[in-house]
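Accompanying notes for the structure given below.
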Amino acid sequence: MESQKLNSLLLEKFPQIRHQFDDFVSWQEGMATGSHVVFEDVFVPYILDRIAKNDAEEVKRCFDFVESLFSLHDDYADDVAGQSVLEALSEGNAHLDLSSIKLGKLSKQYYEKYLKNFQN
């Protein structure tokens, strides 16, 4: 899958982040901007904001979307969902314990594997 397609999926599911997306990619390659940076720098902050506002329904939608990316069984989509969303949420300033969030089956498998590798 190409970045343009993955970024389009993100905006299709979350049109409310279009302004942040446009601002972010305006100095880059537009819709073709790499999905790793788009998801980490646009979608992850959105998720964190929804968590901070206790918007459980929207947080669930966000993680359902991440699960849908894993369900595509596409290497690039898997990498973006895993590295640029789940790992980004677990590391750095966010440092969330995702085990307290109801993840889908594939997301949970990725996260558990990540934790195991991270702890070793």
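Numbering starts fresh at 1 for the residues of each chain in the structure tokens, the chains themselves are lettered A, B, ... in the order given, and ligands are numbered from 1 as they appear.
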Set the distance at 12 Å and use only C-alpha atoms: which residues neighbour Asp75 in chain A once local chain neighbours fewer than 6 positions away are removed? I'd like the list as a PyMOL selection string.
chain A and resi 1-2+6+69+81-83
Residue subset to file, keeping N, CA and C atoms, as a PDB file, in the first residue's frame:
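Everything below was put into result33.pdb:
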ATOM      1  N   MET A   1       0.842  -1.177   0.000  1.00  0.00           N
ATOM      2  CA  MET A   1       0.000   0.000   0.000  1.00  0.00           C
ATOM      3  C   MET A   1       0.890   1.244   0.000  1.00  0.00           C
ATOM      4  N   GLU A   2       0.467   2.237  -0.703  1.00  0.00           N
ATOM      5  CA  GLU A   2       1.215   3.481  -0.783  1.00  0.00           C
ATOM      6  C   GLU A   2       0.733   4.463   0.282  1.00  0.00           C
ATOM      7  N   LEU A   6      -3.010   5.130   2.209  1.00  0.00           N
ATOM      8  CA  LEU A   6      -3.128   5.019   3.665  1.00  0.00           C
ATOM      9  C   LEU A   6      -3.542   6.362   4.282  1.00  0.00           C
ATOM     10  N   LEU A  69      -6.337  -1.490  10.038  1.00  0.00           N
ATOM     11  CA  LEU A  69      -5.094  -1.428   9.255  1.00  0.00           C
ATOM     12  C   LEU A  69      -4.352  -2.754   9.321  1.00  0.00           C
ATOM     13  N   ALA A  81       0.724   1.109  11.458  1.00  0.00           N
ATOM     14  CA  ALA A  81      -0.162   0.889  12.616  1.00  0.00           C
ATOM     15  C   ALA A  81       0.652   0.519  13.855  1.00  0.00           C
ATOM     16  N   GLY A  82       1.641  -0.338  13.666  1.00  0.00           N
ATOM     17  CA  GLY A  82       2.436  -0.799  14.801  1.00  0.00           C
ATOM     18  C   GLY A  82       3.446   0.221  15.279  1.00  0.00           C
ATOM     19  N   GLN A  83       4.327   0.615  14.393  1.00  0.00           N
ATOM     20  CA  GLN A  83       5.424   1.503  14.783  1.00  0.00           C
ATOM     21  C   GLN A  83       4.979   2.934  15.019  1.00  0.00           C
TER      22      GLN A  83
END
Given the choices A:Ala94, A:Leu106, A:Leu48, A:Leu9, which gets closest to His73 in chain A if the distance is worked out from only C-alpha atoms?
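Residue with the minimum atom-to-atom distance to His73 in chain A: A:Leu106.
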Using only C-alpha atoms, can you tell me which of A:Leu10, A:Asn93, A:Ala88, A:Ser3 comes closest to Phe65 in chain A?
A:Leu10
What does the structure give for the distance between CA of Lys102 in chain A and CA of Asn117 in chain A, in Å to one decimal?
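Spanning CA of Lys102 in chain A to CA of Asn117 in chain A is a straight-line distance of 20.9 Å.
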Name the closest residue to Val44 in chain A among the candidates A:Glu12, A:Glu87, A:Asp79, A:Asp23; distances are taken between atoms, counting only C-alpha atoms.
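Of A:Glu12, A:Glu87, A:Asp79, A:Asp23, the one nearest Val44 in chain A is A:Glu87, counting only C-alpha atoms.
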Just list as an NGL selection string whatever in chain A DSSP marks as helix (DSSP H, G or I).
:A and (3-13 or 15-25 or 30-32 or 35-52 or 56-71 or 75-90 or 98-100 or 105-119)
Expressed in Å to a single decimal, how great is the separation between CA of Asp41 in chain A and CA of Phe21 in chain A?
8.9 Å
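The smallest atom-to-atom distance between Glu58 in chain A and any of A:Leu115, A:Asp22, A:Lys13, A:Lys5, using only C-alpha atoms, is found for A:Lys13.
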Which of A:Ser71, A:Glu40, A:Lys108, A:Ala77 sits closest to Glu91 in chain A [using only C-alpha atoms]:
A:Glu40
Rank nothing, just name the residue among A:Gln20, A:Gln28, A:Ser100, A:Ser35 nearest to Asn7 in chain A, using only C-alpha atoms.
A:Ser35
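Residues surrounding Lys105 in chain A within 12 Å are Phe63, Asp64, Val66, Glu67, Ser68, Phe70, Ser71, Lys102, Lys108, Gln109, Tyr110, Tyr111 and Glu112 of chain A [only C-alpha atoms; sequence separation below 3 positions excluded].
One finds CA of Val37 in chain A at 8.9 Å from CA of Val80 in chain A.
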